[in-house]
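Undergrad: Have a look at this one before I ask anything.
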Amino acid sequence: MSNKNGFGKLVVILSLLLVITACGSSAMTNPEPKASVAVQEEVESGETEEAGDWDDIVAAAKKEGRLVMSGDPSEVWRKSLVDLFQQEYPEIKVEYTGANGRDFWPKVRKERELGQYLWDVRAGGVELQGYQAKNDGFLEPILPVLLPEIADDSKWIGGLNGLFHDKEKKFMPSYTVYLSPTVFVNRDFIPESELQSSEQLLDPKFKNKIVMQTPTGGASFSSFGNLGFMYGEQFVHDLLSMQEVVVTDDKRQQAEWVVRGKYPIAIGFNDTQLVPFVKQGLGKNVTALEDKVMPAASGLGGLYLLKDAPHPNAAKLYINWLLSKETQIKVTQNVLLNSRRADVPPVSKNLAIDPAHLSNYRFYSTEENVEISGSLLPVIKDAMQ
């Protein structure tokens, strides 16, 4: 984040936050919570970082000299989250551990039980385990550490209410947002004439042709939440118990299997996984099935500030740097996911959401919708026995 653009004192002008109503008439509701009064009061009362403090934060962060963080294990995310920051702040050494959320949060829980506070920041999916960590007191609010330029309501699609996914609207921002199809298929192996909708996945001819990540967390959990929302719990149970779905938590392996046609159908999958293959001219016919309800995801764009972080100033610096316009342009171009910032053009226009019609989408990473998906966990576990 450039100082020369100066984080000079900005007045944060808050408009009423957009109220997103539920979409669909399913028994599973689709809440997009109303604007949080607490968010407005916190920003208006000046409880975000003062712009004049920026130089002090940078100096203190450089004095700490370290940032300990975790994020997605893929190389494209490591380069985006670490290398770009190191180029701008070489004095601060980033210790980065690649891990999926389903592995990271149990590790943090065990460390906390031993009185160990080892992490500053987690960058990854906004997911069930993250909300559990928040509710168990493992996180610090991020809203109060944002500079006025970052906390400007007008800079985010859906305002700050859209940026923050937790009920309190201050702990868990997610800077990416895009249409997130539930199921992908390689058309080189399964033509459209055979499979047009995810509702057809129970057809016996697709047995042992589907690959997913562990469905109790992460992207697959979100996808099954949407399948349950669209077709009901029994559909989810039958899919997992009857179709011999293959499980791998290696995202590159999942992508390679889909690209090579070993398992041409993928659940819990996103375009980022295809990037290294597309660069080689592979996987160009891996496309999404049309969904009954338009799901919108935050993907791996979530941010968490760990409580009692060992390097709090480096964490503040990093969070504001990552959420700045300049950084968002670079990161989203690398990972090919659209930014939630309203002033950053979408890099994947076919996956861009329409800011004027936010009520048309199911934002399945919000805490309310994750809780709804959580009701499927017993169904998922029973089906996989």
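Here, A, B, ... name the chains of the structure tokens in the order displayed, residue numbers run from 1 inside each chain, and ligands are numbered from 1 in the same displayed order.
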List every residue of region 57-194 of chain A that DSSP, applied to the backbone, labels as helix (DSSP H, G or I), and write the result as a PDB file with N, CA and C atoms, in the first residue's frame.
TA:
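Output file out-v6.pdb follows:
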ATOM      1  N   ILE A  57       2.176   2.470  12.337  1.00  0.00           N
ATOM      2  CA  ILE A  57       1.920   1.038  12.167  1.00  0.00           C
ATOM      3  C   ILE A  57       3.017   0.400  11.325  1.00  0.00           C
ATOM      4  N   VAL A  58       3.392   1.073  10.233  1.00  0.00           N
ATOM      5  CA  VAL A  58       4.447   0.548   9.370  1.00  0.00           C
ATOM      6  C   VAL A  58       5.753   0.429  10.142  1.00  0.00           C
ATOM      7  N   ALA A  59       6.083   1.468  10.894  1.00  0.00           N
ATOM      8  CA  ALA A  59       7.325   1.448  11.670  1.00  0.00           C
ATOM      9  C   ALA A  59       7.303   0.331  12.711  1.00  0.00           C
ATOM     10  N   ALA A  60       6.166   0.187  13.399  1.00  0.00           N
ATOM     11  CA  ALA A  60       6.055  -0.857  14.424  1.00  0.00           C
ATOM     12  C   ALA A  60       6.100  -2.247  13.797  1.00  0.00           C
ATOM     13  N   ALA A  61       5.487  -2.389  12.624  1.00  0.00           N
ATOM     14  CA  ALA A  61       5.498  -3.681  11.935  1.00  0.00           C
ATOM     15  C   ALA A  61       6.912  -4.049  11.505  1.00  0.00           C
ATOM     16  N   LYS A  62       7.653  -3.069  11.005  1.00  0.00           N
ATOM     17  CA  LYS A  62       9.036  -3.331  10.606  1.00  0.00           C
ATOM     18  C   LYS A  62       9.894  -3.677  11.815  1.00  0.00           C
ATOM     19  N   LYS A  63       9.580  -3.067  12.943  1.00  0.00           N
ATOM     20  CA  LYS A  63      10.315  -3.385  14.168  1.00  0.00           C
ATOM     21  C   LYS A  63      10.044  -4.820  14.601  1.00  0.00           C
ATOM     22  N   GLU A  64       8.792  -5.255  14.483  1.00  0.00           N
ATOM     23  CA  GLU A  64       8.473  -6.656  14.795  1.00  0.00           C
ATOM     24  C   GLU A  64       9.188  -7.591  13.824  1.00  0.00           C
ATOM     25  N   GLU A  75       0.325 -22.904  -4.965  1.00  0.00           N
ATOM     26  CA  GLU A  75       1.414 -21.979  -5.254  1.00  0.00           C
ATOM     27  C   GLU A  75       0.899 -20.614  -5.702  1.00  0.00           C
ATOM     28  N   VAL A  76      -0.204 -20.590  -6.459  1.00  0.00           N
ATOM     29  CA  VAL A  76      -0.726 -19.313  -6.941  1.00  0.00           C
ATOM     30  C   VAL A  76      -1.167 -18.431  -5.781  1.00  0.00           C
ATOM     31  N   TRP A  77      -1.736 -19.023  -4.736  1.00  0.00           N
ATOM     32  CA  TRP A  77      -2.138 -18.227  -3.576  1.00  0.00           C
ATOM     33  C   TRP A  77      -0.936 -17.833  -2.734  1.00  0.00           C
ATOM     34  N   ARG A  78       0.027 -18.729  -2.604  1.00  0.00           N
ATOM     35  CA  ARG A  78       1.235 -18.375  -1.848  1.00  0.00           C
ATOM     36  C   ARG A  78       1.929 -17.167  -2.482  1.00  0.00           C
ATOM     37  N   LYS A  79       2.064 -17.185  -3.778  1.00  0.00           N
ATOM     38  CA  LYS A  79       2.716 -16.072  -4.465  1.00  0.00           C
ATOM     39  C   LYS A  79       1.923 -14.781  -4.301  1.00  0.00           C
ATOM     40  N   SER A  80       0.603 -14.886  -4.367  1.00  0.00           N
ATOM     41  CA  SER A  80      -0.240 -13.693  -4.277  1.00  0.00           C
ATOM     42  C   SER A  80      -0.257 -13.104  -2.877  1.00  0.00           C
ATOM     43  N   LEU A  81      -0.285 -13.960  -1.869  1.00  0.00           N
ATOM     44  CA  LEU A  81      -0.409 -13.497  -0.489  1.00  0.00           C
ATOM     45  C   LEU A  81       0.926 -13.151   0.149  1.00  0.00           C
ATOM     46  N   VAL A  82       1.994 -13.761  -0.338  1.00  0.00           N
ATOM     47  CA  VAL A  82       3.302 -13.575   0.307  1.00  0.00           C
ATOM     48  C   VAL A  82       4.255 -12.754  -0.555  1.00  0.00           C
ATOM     49  N   ASP A  83       4.475 -13.199  -1.787  1.00  0.00           N
ATOM     50  CA  ASP A  83       5.506 -12.564  -2.607  1.00  0.00           C
ATOM     51  C   ASP A  83       5.220 -11.086  -2.861  1.00  0.00           C
ATOM     52  N   LEU A  84       3.967 -10.747  -3.142  1.00  0.00           N
ATOM     53  CA  LEU A  84       3.625  -9.345  -3.390  1.00  0.00           C
ATOM     54  C   LEU A  84       3.888  -8.487  -2.159  1.00  0.00           C
ATOM     55  N   PHE A  85       3.557  -9.023  -0.990  1.00  0.00           N
ATOM     56  CA  PHE A  85       3.785  -8.286   0.256  1.00  0.00           C
ATOM     57  C   PHE A  85       5.280  -8.132   0.529  1.00  0.00           C
ATOM     58  N   GLN A  86       6.044  -9.200   0.311  1.00  0.00           N
ATOM     59  CA  GLN A  86       7.487  -9.140   0.562  1.00  0.00           C
ATOM     60  C   GLN A  86       8.185  -8.154  -0.362  1.00  0.00           C
ATOM     61  N   GLN A  87       7.661  -8.013  -1.579  1.00  0.00           N
ATOM     62  CA  GLN A  87       8.246  -7.042  -2.502  1.00  0.00           C
ATOM     63  C   GLN A  87       8.098  -5.623  -1.976  1.00  0.00           C
ATOM     64  N   GLU A  88       6.974  -5.352  -1.324  1.00  0.00           N
ATOM     65  CA  GLU A  88       6.719  -4.004  -0.829  1.00  0.00           C
ATOM     66  C   GLU A  88       7.305  -3.770   0.559  1.00  0.00           C
ATOM     67  N   GLY A 101      -8.526 -25.050   5.582  1.00  0.00           N
ATOM     68  CA  GLY A 101      -9.168 -24.668   6.832  1.00  0.00           C
ATOM     69  C   GLY A 101      -9.499 -25.849   7.718  1.00  0.00           C
ATOM     70  N   ARG A 102      -9.901 -26.968   7.101  1.00  0.00           N
ATOM     71  CA  ARG A 102     -10.285 -28.144   7.879  1.00  0.00           C
ATOM     72  C   ARG A 102      -9.108 -28.702   8.680  1.00  0.00           C
ATOM     73  N   ASP A 103      -7.880 -28.367   8.251  1.00  0.00           N
ATOM     74  CA  ASP A 103      -6.687 -28.805   8.977  1.00  0.00           C
ATOM     75  C   ASP A 103      -6.154 -27.713   9.901  1.00  0.00           C
ATOM     76  N   PHE A 104      -6.287 -26.459   9.469  1.00  0.00           N
ATOM     77  CA  PHE A 104      -5.721 -25.350  10.243  1.00  0.00           C
ATOM     78  C   PHE A 104      -6.448 -25.129  11.561  1.00  0.00           C
ATOM     79  N   TRP A 105      -7.772 -25.065  11.539  1.00  0.00           N
ATOM     80  CA  TRP A 105      -8.506 -24.684  12.744  1.00  0.00           C
ATOM     81  C   TRP A 105      -8.411 -25.722  13.864  1.00  0.00           C
ATOM     82  N   PRO A 106      -8.446 -27.031  13.590  1.00  0.00           N
ATOM     83  CA  PRO A 106      -8.197 -27.987  14.680  1.00  0.00           C
ATOM     84  C   PRO A 106      -6.801 -27.835  15.282  1.00  0.00           C
ATOM     85  N   LYS A 107      -5.832 -27.470  14.450  1.00  0.00           N
ATOM     86  CA  LYS A 107      -4.472 -27.248  14.938  1.00  0.00           C
ATOM     87  C   LYS A 107      -4.434 -26.060  15.896  1.00  0.00           C
ATOM     88  N   VAL A 108      -5.102 -24.972  15.515  1.00  0.00           N
ATOM     89  CA  VAL A 108      -5.158 -23.791  16.380  1.00  0.00           C
ATOM     90  C   VAL A 108      -5.845 -24.128  17.697  1.00  0.00           C
ATOM     91  N   ARG A 109      -6.902 -24.904  17.615  1.00  0.00           N
ATOM     92  CA  ARG A 109      -7.641 -25.281  18.829  1.00  0.00           C
ATOM     93  C   ARG A 109      -6.734 -26.035  19.812  1.00  0.00           C
ATOM     94  N   LYS A 110      -5.957 -26.959  19.298  1.00  0.00           N
ATOM     95  CA  LYS A 110      -5.042 -27.721  20.162  1.00  0.00           C
ATOM     96  C   LYS A 110      -3.970 -26.809  20.753  1.00  0.00           C
ATOM     97  N   GLU A 111      -3.470 -25.888  19.932  1.00  0.00           N
ATOM     98  CA  GLU A 111      -2.455 -24.948  20.422  1.00  0.00           C
ATOM     99  C   GLU A 111      -3.013 -24.073  21.534  1.00  0.00           C
ATOM    100  N   ARG A 112      -4.238 -23.604  21.365  1.00  0.00           N
ATOM    101  CA  ARG A 112      -4.845 -22.745  22.388  1.00  0.00           C
ATOM    102  C   ARG A 112      -5.027 -23.511  23.698  1.00  0.00           C
ATOM    103  N   GLU A 113      -5.347 -24.783  23.599  1.00  0.00           N
ATOM    104  CA  GLU A 113      -5.496 -25.602  24.805  1.00  0.00           C
ATOM    105  C   GLU A 113      -4.181 -25.712  25.567  1.00  0.00           C
ATOM    106  N   LEU A 128     -17.306 -22.940   8.117  1.00  0.00           N
ATOM    107  CA  LEU A 128     -17.884 -23.345   9.393  1.00  0.00           C
ATOM    108  C   LEU A 128     -16.860 -23.332  10.517  1.00  0.00           C
ATOM    109  N   GLN A 129     -15.667 -23.907  10.275  1.00  0.00           N
ATOM    110  CA  GLN A 129     -14.654 -23.962  11.328  1.00  0.00           C
ATOM    111  C   GLN A 129     -14.187 -22.574  11.726  1.00  0.00           C
ATOM    112  N   GLY A 130     -14.160 -21.648  10.761  1.00  0.00           N
ATOM    113  CA  GLY A 130     -13.783 -20.273  11.070  1.00  0.00           C
ATOM    114  C   GLY A 130     -14.807 -19.594  11.956  1.00  0.00           C
ATOM    115  N   TYR A 131     -16.081 -19.824  11.671  1.00  0.00           N
ATOM    116  CA  TYR A 131     -17.134 -19.260  12.526  1.00  0.00           C
ATOM    117  C   TYR A 131     -17.084 -19.869  13.921  1.00  0.00           C
ATOM    118  N   GLN A 132     -16.782 -21.151  14.009  1.00  0.00           N
ATOM    119  CA  GLN A 132     -16.651 -21.785  15.319  1.00  0.00           C
ATOM    120  C   GLN A 132     -15.487 -21.173  16.091  1.00  0.00           C
ATOM    121  N   ALA A 133     -14.392 -20.888  15.392  1.00  0.00           N
ATOM    122  CA  ALA A 133     -13.246 -20.243  16.035  1.00  0.00           C
ATOM    123  C   ALA A 133     -13.623 -18.856  16.545  1.00  0.00           C
ATOM    124  N   LYS A 134     -14.401 -18.140  15.756  1.00  0.00           N
ATOM    125  CA  LYS A 134     -14.877 -16.814  16.190  1.00  0.00           C
ATOM    126  C   LYS A 134     -15.736 -16.926  17.432  1.00  0.00           C
ATOM    127  N   ASN A 135     -16.666 -17.846  17.409  1.00  0.00           N
ATOM    128  CA  ASN A 135     -17.583 -18.004  18.540  1.00  0.00           C
ATOM    129  C   ASN A 135     -16.886 -18.518  19.794  1.00  0.00           C
ATOM    130  N   LEU A 143     -12.573  -5.087  11.826  1.00  0.00           N
ATOM    131  CA  LEU A 143     -13.099  -3.752  11.526  1.00  0.00           C
ATOM    132  C   LEU A 143     -12.342  -2.634  12.243  1.00  0.00           C
ATOM    133  N   PRO A 144     -12.026  -2.759  13.538  1.00  0.00           N
ATOM    134  CA  PRO A 144     -11.351  -1.649  14.222  1.00  0.00           C
ATOM    135  C   PRO A 144      -9.934  -1.359  13.731  1.00  0.00           C
ATOM    136  N   VAL A 145      -9.291  -2.303  13.027  1.00  0.00           N
ATOM    137  CA  VAL A 145      -7.920  -2.054  12.577  1.00  0.00           C
ATOM    138  C   VAL A 145      -7.873  -1.511  11.151  1.00  0.00           C
ATOM    139  N   ASP A 153     -17.485   2.616   3.141  1.00  0.00           N
ATOM    140  CA  ASP A 153     -18.612   1.762   2.758  1.00  0.00           C
ATOM    141  C   ASP A 153     -18.814   1.709   1.249  1.00  0.00           C
ATOM    142  N   SER A 154     -18.547   2.812   0.567  1.00  0.00           N
ATOM    143  CA  SER A 154     -18.811   2.887  -0.870  1.00  0.00           C
ATOM    144  C   SER A 154     -17.826   2.068  -1.697  1.00  0.00           C
ATOM    145  N   LYS A 155     -16.743   1.630  -1.084  1.00  0.00           N
ATOM    146  CA  LYS A 155     -15.709   0.907  -1.824  1.00  0.00           C
ATOM    147  C   LYS A 155     -16.018  -0.578  -1.999  1.00  0.00           C
ATOM    148  N   GLY A 159     -21.519  -2.803   0.372  1.00  0.00           N
ATOM    149  CA  GLY A 159     -21.047  -2.057   1.535  1.00  0.00           C
ATOM    150  C   GLY A 159     -20.292  -2.935   2.514  1.00  0.00           C
ATOM    151  N   LEU A 160     -20.010  -2.390   3.694  1.00  0.00           N
ATOM    152  CA  LEU A 160     -19.331  -3.167   4.728  1.00  0.00           C
ATOM    153  C   LEU A 160     -20.174  -4.363   5.148  1.00  0.00           C
ATOM    154  N   ASN A 161     -21.473  -4.225   5.033  1.00  0.00           N
ATOM    155  CA  ASN A 161     -22.366  -5.335   5.358  1.00  0.00           C
ATOM    156  C   ASN A 161     -22.103  -6.526   4.441  1.00  0.00           C
ATOM    157  N   GLY A 162     -21.740  -6.252   3.200  1.00  0.00           N
ATOM    158  CA  GLY A 162     -21.406  -7.322   2.269  1.00  0.00           C
ATOM    159  C   GLY A 162     -20.000  -7.843   2.476  1.00  0.00           C
ATOM    160  N   LEU A 163     -19.086  -6.946   2.853  1.00  0.00           N
ATOM    161  CA  LEU A 163     -17.696  -7.351   3.053  1.00  0.00           C
ATOM    162  C   LEU A 163     -17.560  -8.321   4.221  1.00  0.00           C
TER     163      LEU A 163
END
Undergrad: Please provide the set of residues having any atom within 10 Å of region 295-297 of chain A, restricted to only C-alpha atoms, with same-chain residues fewer than 6 positions apart removed, written as a list in words.
TA: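 Counting only the stated atoms, we get Gly125, Val126, Ser174, Thr176, Val177, Tyr178, Leu179, Ser180, Pro181, Thr182, Ala219, Ser222, Ser223, Asn226, Leu351, Ala352, Ile353, Leu358, Asn360, Tyr361, Arg362, Phe363, Tyr364, Ser365 and Thr366 of chain A.
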Undergrad: If we count only C-alpha atoms and set the cut-off at 8 Å, which residues sit around Ile380 (chain A), ignoring sequence neighbours fewer than 4 positions away in its own chain? Please answer as a list of chain:residue names.
TA: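 Returned residues: A:Pro215, A:Thr216, A:Val236, A:His237, A:Leu240, A:Leu376, A:Met384.
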Undergrad: Could you list, as a PyMOL selection string, every residue within 10 Å of Arg252 (chain A), counting only C-alpha atoms and ignoring same-chain residues fewer than 4 positions away?
TA: chain A and resi 73-74+248+256-258+273-274+276-277
Undergrad: Restricting the output to N, CA and C atoms, write the selected residues as a PDB file, in the first residue's frame.
TA:
ATOM      1  N   PRO A  73      -2.751 -23.856   0.366  1.00  0.00           N
ATOM      2  CA  PRO A  73      -1.464 -24.469   0.038  1.00  0.00           C
ATOM      3  C   PRO A  73      -1.024 -24.328  -1.416  1.00  0.00           C
ATOM      4  N   SER A  74      -1.898 -23.872  -2.302  1.00  0.00           N
ATOM      5  CA  SER A  74      -1.525 -23.783  -3.714  1.00  0.00           C
ATOM      6  C   SER A  74      -0.482 -22.695  -3.938  1.00  0.00           C
ATOM      7  N   THR A 248     -10.624 -36.607  -2.354  1.00  0.00           N
ATOM      8  CA  THR A 248      -9.225 -36.204  -2.223  1.00  0.00           C
ATOM      9  C   THR A 248      -9.180 -34.788  -1.677  1.00  0.00           C
ATOM     10  N   GLU A 256      -6.429 -32.321 -11.648  1.00  0.00           N
ATOM     11  CA  GLU A 256      -5.805 -33.173 -12.668  1.00  0.00           C
ATOM     12  C   GLU A 256      -6.721 -34.330 -13.050  1.00  0.00           C
ATOM     13  N   TRP A 257      -7.367 -34.931 -12.078  1.00  0.00           N
ATOM     14  CA  TRP A 257      -8.290 -36.026 -12.375  1.00  0.00           C
ATOM     15  C   TRP A 257      -9.441 -35.557 -13.258  1.00  0.00           C
ATOM     16  N   VAL A 258      -9.939 -34.349 -12.984  1.00  0.00           N
ATOM     17  CA  VAL A 258     -11.023 -33.806 -13.804  1.00  0.00           C
ATOM     18  C   VAL A 258     -10.521 -33.513 -15.213  1.00  0.00           C
ATOM     19  N   GLN A 273      -8.247 -23.695  -9.432  1.00  0.00           N
ATOM     20  CA  GLN A 273      -7.554 -24.974  -9.521  1.00  0.00           C
ATOM     21  C   GLN A 273      -7.155 -25.318 -10.954  1.00  0.00           C
ATOM     22  N   LEU A 274      -7.835 -24.724 -11.920  1.00  0.00           N
ATOM     23  CA  LEU A 274      -7.542 -25.013 -13.323  1.00  0.00           C
ATOM     24  C   LEU A 274      -6.419 -24.155 -13.891  1.00  0.00           C
ATOM     25  N   PRO A 276      -3.107 -23.609 -13.509  1.00  0.00           N
ATOM     26  CA  PRO A 276      -1.865 -24.176 -14.056  1.00  0.00           C
ATOM     27  C   PRO A 276      -2.089 -25.083 -15.256  1.00  0.00           C
ATOM     28  N   PHE A 277      -3.251 -25.704 -15.351  1.00  0.00           N
ATOM     29  CA  PHE A 277      -3.542 -26.582 -16.485  1.00  0.00           C
ATOM     30  C   PHE A 277      -3.925 -25.780 -17.722  1.00  0.00           C
TER      31      PHE A 277
END
